[in-house]
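Text of the file my_file-v9.csv, holding CSV, C-alpha atoms:
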chain,number,residue,atom,x,y,z
H,1,MET,CA,-2.2,0.4,-13.3
H,2,ASN,CA,-4.4,-0.6,-10.3
H,3,ILE,CA,-2.2,0.3,-7.3
H,4,CYS,CA,-3.3,-1.0,-3.9
H,5,VAL,CA,-2.3,1.2,-1.0
H,6,PHE,CA,-2.3,-0.2,2.5
H,7,LEU,CA,-2.3,2.6,5.0
H,8,SER,CA,-3.9,4.0,8.2
H,9,ALA,CA,-7.3,5.4,8.6
H,10,ALA,CA,-6.1,7.6,11.5
H,11,ASP,CA,-5.9,11.4,11.4
H,12,LEU,CA,-2.1,12.0,11.2
H,13,PRO,CA,0.2,15.0,11.2
H,14,GLU,CA,1.6,16.7,8.1
H,15,THR,CA,4.8,14.6,8.5
H,16,TYR,CA,2.8,11.7,7.1
H,17,THR,CA,-0.1,13.4,5.2
H,18,ARG,CA,2.3,15.4,3.0
H,19,PRO,CA,4.0,12.3,1.4
H,20,ALA,CA,0.7,10.5,1.2
H,21,ARG,CA,-0.9,13.4,-0.6
H,22,GLU,CA,2.1,13.7,-2.9
H,23,PHE,CA,2.0,10.0,-3.9
H,24,ALA,CA,-1.8,10.3,-4.4
H,25,GLU,CA,-1.4,13.2,-6.8
H,26,LEU,CA,1.3,11.4,-8.7
H,27,LEU,CA,-0.9,8.3,-9.0
H,28,GLY,CA,-3.9,10.3,-10.2
H,29,LYS,CA,-1.8,12.4,-12.7
H,30,GLY,CA,-0.3,9.2,-14.0
H,31,GLY,CA,-3.8,7.9,-14.9
H,32,HIS,CA,-3.7,5.1,-12.3
H,33,THR,CA,-6.4,3.7,-10.1
H,34,LEU,CA,-6.2,3.7,-6.3
H,35,VAL,CA,-7.3,0.4,-4.8
H,36,TRP,CA,-7.7,1.0,-1.1
H,37,GLY,CA,-9.7,0.1,2.0
H,38,GLY,CA,-12.5,2.4,0.9
H,39,SER,CA,-12.6,4.5,4.0
H,40,ASP,CA,-13.3,8.3,3.9
H,41,VAL,CA,-11.5,9.1,7.1
H,42,GLY,CA,-7.9,9.9,8.1
H,43,LEU,CA,-5.0,9.1,5.9
H,44,MET,CA,-7.2,7.0,3.7
H,45,LYS,CA,-9.3,10.0,2.9
H,46,VAL,CA,-6.2,12.2,2.2
H,47,VAL,CA,-5.0,9.7,-0.4
H,48,ALA,CA,-8.4,9.2,-2.0
H,49,ASP,CA,-8.9,12.9,-2.2
H,50,GLY,CA,-5.5,13.4,-3.8
H,51,VAL,CA,-6.1,10.7,-6.4
H,52,GLN,CA,-9.6,11.9,-7.3
H,53,GLU,CA,-8.5,15.6,-7.5
H,54,ALA,CA,-5.6,14.6,-9.8
H,55,GLY,CA,-7.9,12.7,-12.2
H,56,GLY,CA,-7.3,9.1,-11.1
H,57,ARG,CA,-9.9,6.5,-10.4
H,58,LEU,CA,-11.0,5.1,-7.0
H,59,MET,CA,-11.7,1.4,-6.3
H,60,GLY,CA,-12.6,0.8,-2.7
H,61,VAL,CA,-12.9,-2.4,-0.8
H,62,SER,CA,-14.6,-1.8,2.6
H,63,VAL,CA,-15.8,-4.4,5.1
H,64,ASP,CA,-19.3,-4.8,6.7
H,65,PHE,CA,-18.4,-3.4,10.1
H,66,LEU,CA,-16.8,-0.3,8.6
H,67,ALA,CA,-19.3,0.3,5.8
H,68,ALA,CA,-20.6,3.5,7.5
H,69,LYS,CA,-17.1,5.0,7.0
H,70,ALA,CA,-17.0,4.0,3.3
H,71,ARG,CA,-16.4,6.8,0.8
H,72,SER,CA,-19.3,7.7,-1.5
H,73,GLY,CA,-18.9,8.8,-5.1
H,74,VAL,CA,-16.1,6.4,-6.1
H,75,ASP,CA,-15.7,4.6,-9.4
H,76,ASP,CA,-16.1,1.1,-7.8
H,77,MET,CA,-16.9,0.0,-4.2
H,78,VAL,CA,-17.1,-3.6,-2.9
H,79,ILE,CA,-18.2,-4.4,0.7
H,80,ALA,CA,-16.4,-7.6,2.0
H,81,LYS,CA,-17.9,-9.8,4.7
H,82,ASP,CA,-14.7,-9.7,6.9
H,83,LEU,CA,-11.1,-8.5,7.0
H,84,ALA,CA,-9.7,-11.6,5.4
H,85,GLU,CA,-12.0,-11.3,2.4
H,86,ARG,CA,-11.2,-7.6,2.2
H,87,LYS,CA,-7.5,-8.3,2.1
H,88,ALA,CA,-7.9,-11.0,-0.6
H,89,LEU,CA,-10.1,-8.7,-2.7
H,90,LEU,CA,-7.6,-5.8,-2.4
H,91,LEU,CA,-4.8,-8.0,-3.6
H,92,GLU,CA,-6.9,-9.5,-6.4
H,93,LYS,CA,-7.8,-6.2,-7.8
H,94,ALA,CA,-4.3,-4.7,-7.7
H,95,ASP,CA,-1.4,-4.8,-10.1
H,96,ALA,CA,1.0,-3.5,-7.5
H,97,VAL,CA,1.1,-2.7,-3.8
H,98,VAL,CA,2.3,0.3,-1.8
H,99,ILE,CA,2.6,0.1,2.0
H,100,MET,CA,2.3,3.5,3.7
H,101,VAL,CA,2.4,4.4,7.4
H,102,GLY,CA,-0.1,2.5,9.5
H,103,GLY,CA,-0.8,0.4,12.5
H,104,THR,CA,-1.4,-3.3,13.1
H,105,GLY,CA,-3.9,-3.6,10.2
H,106,THR,CA,-1.4,-2.1,7.8
H,107,LEU,CA,1.4,-4.3,9.2
H,108,ASP,CA,-0.9,-7.4,8.8
H,109,GLU,CA,-1.6,-6.5,5.2
H,110,ALA,CA,2.1,-5.8,4.5
H,111,THR,CA,3.3,-9.1,5.9
H,112,ASP,CA,0.6,-11.0,4.1
H,113,ILE,CA,1.6,-9.8,0.6
H,114,LEU,CA,5.3,-10.3,1.5
H,115,GLU,CA,4.5,-13.9,2.6
H,116,LEU,CA,2.7,-14.5,-0.7
H,117,LYS,CA,5.7,-13.2,-2.6
H,118,LYS,CA,8.1,-15.3,-0.6
H,119,HIS,CA,6.3,-18.4,-1.6
H,120,GLY,CA,5.9,-17.4,-5.2
H,121,ARG,CA,2.1,-17.0,-4.9
H,122,THR,CA,2.3,-13.5,-6.5
H,123,THR,CA,4.8,-11.5,-8.5
H,124,LYS,CA,3.2,-8.1,-7.9
H,125,PRO,CA,5.7,-5.4,-7.1
H,126,VAL,CA,5.6,-4.2,-3.5
H,127,VAL,CA,6.9,-0.8,-2.3
H,128,LEU,CA,7.2,0.2,1.3
H,129,LEU,CA,7.0,4.0,1.4
H,130,ASN,CA,9.2,4.9,4.4
H,131,SER,CA,7.8,8.4,5.1
H,132,ALA,CA,9.8,10.3,7.8
H,133,GLY,CA,11.7,7.1,8.6
H,134,PHE,CA,8.5,5.4,9.9
H,135,TYR,CA,9.6,2.0,8.9
H,136,ASP,CA,13.3,2.2,9.7
H,137,GLY,CA,13.0,-0.4,12.5
H,138,LEU,CA,11.0,-2.8,10.2
H,139,LYS,CA,13.6,-2.3,7.5
H,140,GLU,CA,16.3,-3.3,9.9
H,141,GLN,CA,14.3,-6.3,11.1
H,142,PHE,CA,13.8,-7.5,7.5
H,143,ARG,CA,17.6,-7.1,6.9
H,144,ARG,CA,18.3,-9.2,10.0
H,145,MET,CA,15.8,-11.9,8.8
H,146,GLU,CA,17.7,-12.0,5.5
H,147,ASP,CA,21.1,-12.0,7.1
H,148,GLU,CA,20.3,-14.8,9.5
H,149,GLY,CA,18.6,-17.0,6.9
H,150,PHE,CA,14.9,-16.5,7.7
H,151,LEU,CA,14.1,-15.4,4.1
H,152,PRO,CA,14.5,-18.0,1.4
H,153,VAL,CA,14.6,-15.2,-1.3
H,154,PRO,CA,16.6,-12.0,-1.3
H,155,LEU,CA,14.8,-9.1,0.5
H,156,THR,CA,15.1,-7.0,-2.7
H,157,ASP,CA,12.9,-9.6,-4.5
H,158,LEU,CA,10.2,-9.1,-1.9
H,159,VAL,CA,10.0,-5.3,-1.4
H,160,PHE,CA,11.4,-2.1,-2.6
H,161,PHE,CA,12.0,0.6,0.1
H,162,ALA,CA,11.3,4.1,-1.1
H,163,GLU,CA,12.0,7.2,0.9
H,164,GLU,CA,10.0,9.5,-1.3
H,165,PRO,CA,6.7,9.2,-3.2
H,166,VAL,CA,8.3,9.9,-6.6
H,167,GLY,CA,10.7,7.0,-6.1
H,168,ALA,CA,7.8,4.7,-5.1
H,169,LEU,CA,5.8,5.4,-8.3
H,170,ALA,CA,8.8,5.3,-10.5
H,171,TYR,CA,9.8,1.9,-9.2
H,172,LEU,CA,6.2,0.6,-9.8
H,173,GLU,CA,6.0,2.0,-13.3
H,174,GLU,CA,9.3,0.5,-14.3
H,175,ALA,CA,8.5,-2.8,-12.7
H,176,MET,CA,5.1,-2.9,-14.6
H,177,GLY,CA,6.6,-1.7,-17.9
H,178,THR,CA,4.4,1.5,-18.0
H,179,ARG,CA,7.3,3.9,-17.8
Rewritten as structure tokens:
Amino acid sequence: MNICVFLSAADLPETYTRPAREFAELLGKGGHTLVWGGSDVGLMKVVADGVQEAGGRLMGVSVDFLAAKARSGVDDMVIAKDLAERKALLLEKADAVVIMVGGTGTLDEATDILELKKHGRTTKPVVLLNSAGFYDGLKEQFRRMEDEGFLPVPLTDLVFFAEEPVGALAYLEEAMGTR
């Protein structure tokens, strides 16, 4: 399975790197391919290292203005002209999506895939990995959107909330029929 991971390129504490590394190792050991922003810094590096060390493949999609931070020695790397093209390529190459901790870029990517699902433009499974409760507030906001009629489809049809990496991968493998 090609699993796109949206996540931060920031250097983060163990609270966030531990679950990211654990998910990456599970992904690699499962023979899956990481599809990610291609960066070799911060949490993106942690995940790419974990996947590669566990025997998985790396498929990066960087962008012109970040090409200097792109990881070398990957199985496949594409350089997009801008962030919109990068996001489209990441989704195009992926069978499934995992949203890890991140900032505004990660949130943009997350809401984009959820909007596509809401409108039936994709059926790819999406998991939000809620490491250390990072997305508790967002989860509550999504529930409020659902309760107050802002979502035309059930929240459970849009995204699966996983508290631990093993649950995230198990959900994806079951949803894709590889388990």
For region 120-132 of chain H: contacts at 6 Å, only C-alpha atoms, fewer than 6 positions along chain excluded, given as a PyMOL selection string: chain H and resi 96-100+159-163
Compile the contact shell of Ala110 (chain H) as an MDAnalysis selection string: residues with an atom at most 12 Å away, counting all atoms listed in the file, same-chain residues fewer than 2 positions apart removed. chainID H and resid 4:7 87 90:91 97:108 112:117 126:129 135 138 158:159
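If all atoms listed in the file are the atoms counted, then among H:Arg71, H:Arg143, H:Arg18, H:Arg86 the closest residue to Ala48 (chain H) is H:Arg71.
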Select, counting only C-alpha atoms, all protein, DNA and RNA residues no farther than 10 Å from (1.2, -3.5, -13.0) in file coordinates, and express the selection as a VMD selection string. chain H and resid 1 to 3 32 94 to 97 123 to 125 172 to 178
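Here CA of Tyr171 (chain H) is placed at a distance of 20.9 Å from CA of Thr17 (chain H).
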A straight line from CA of Ala80 (chain H) to CA of Glu53 (chain H) spans 26.3 Å
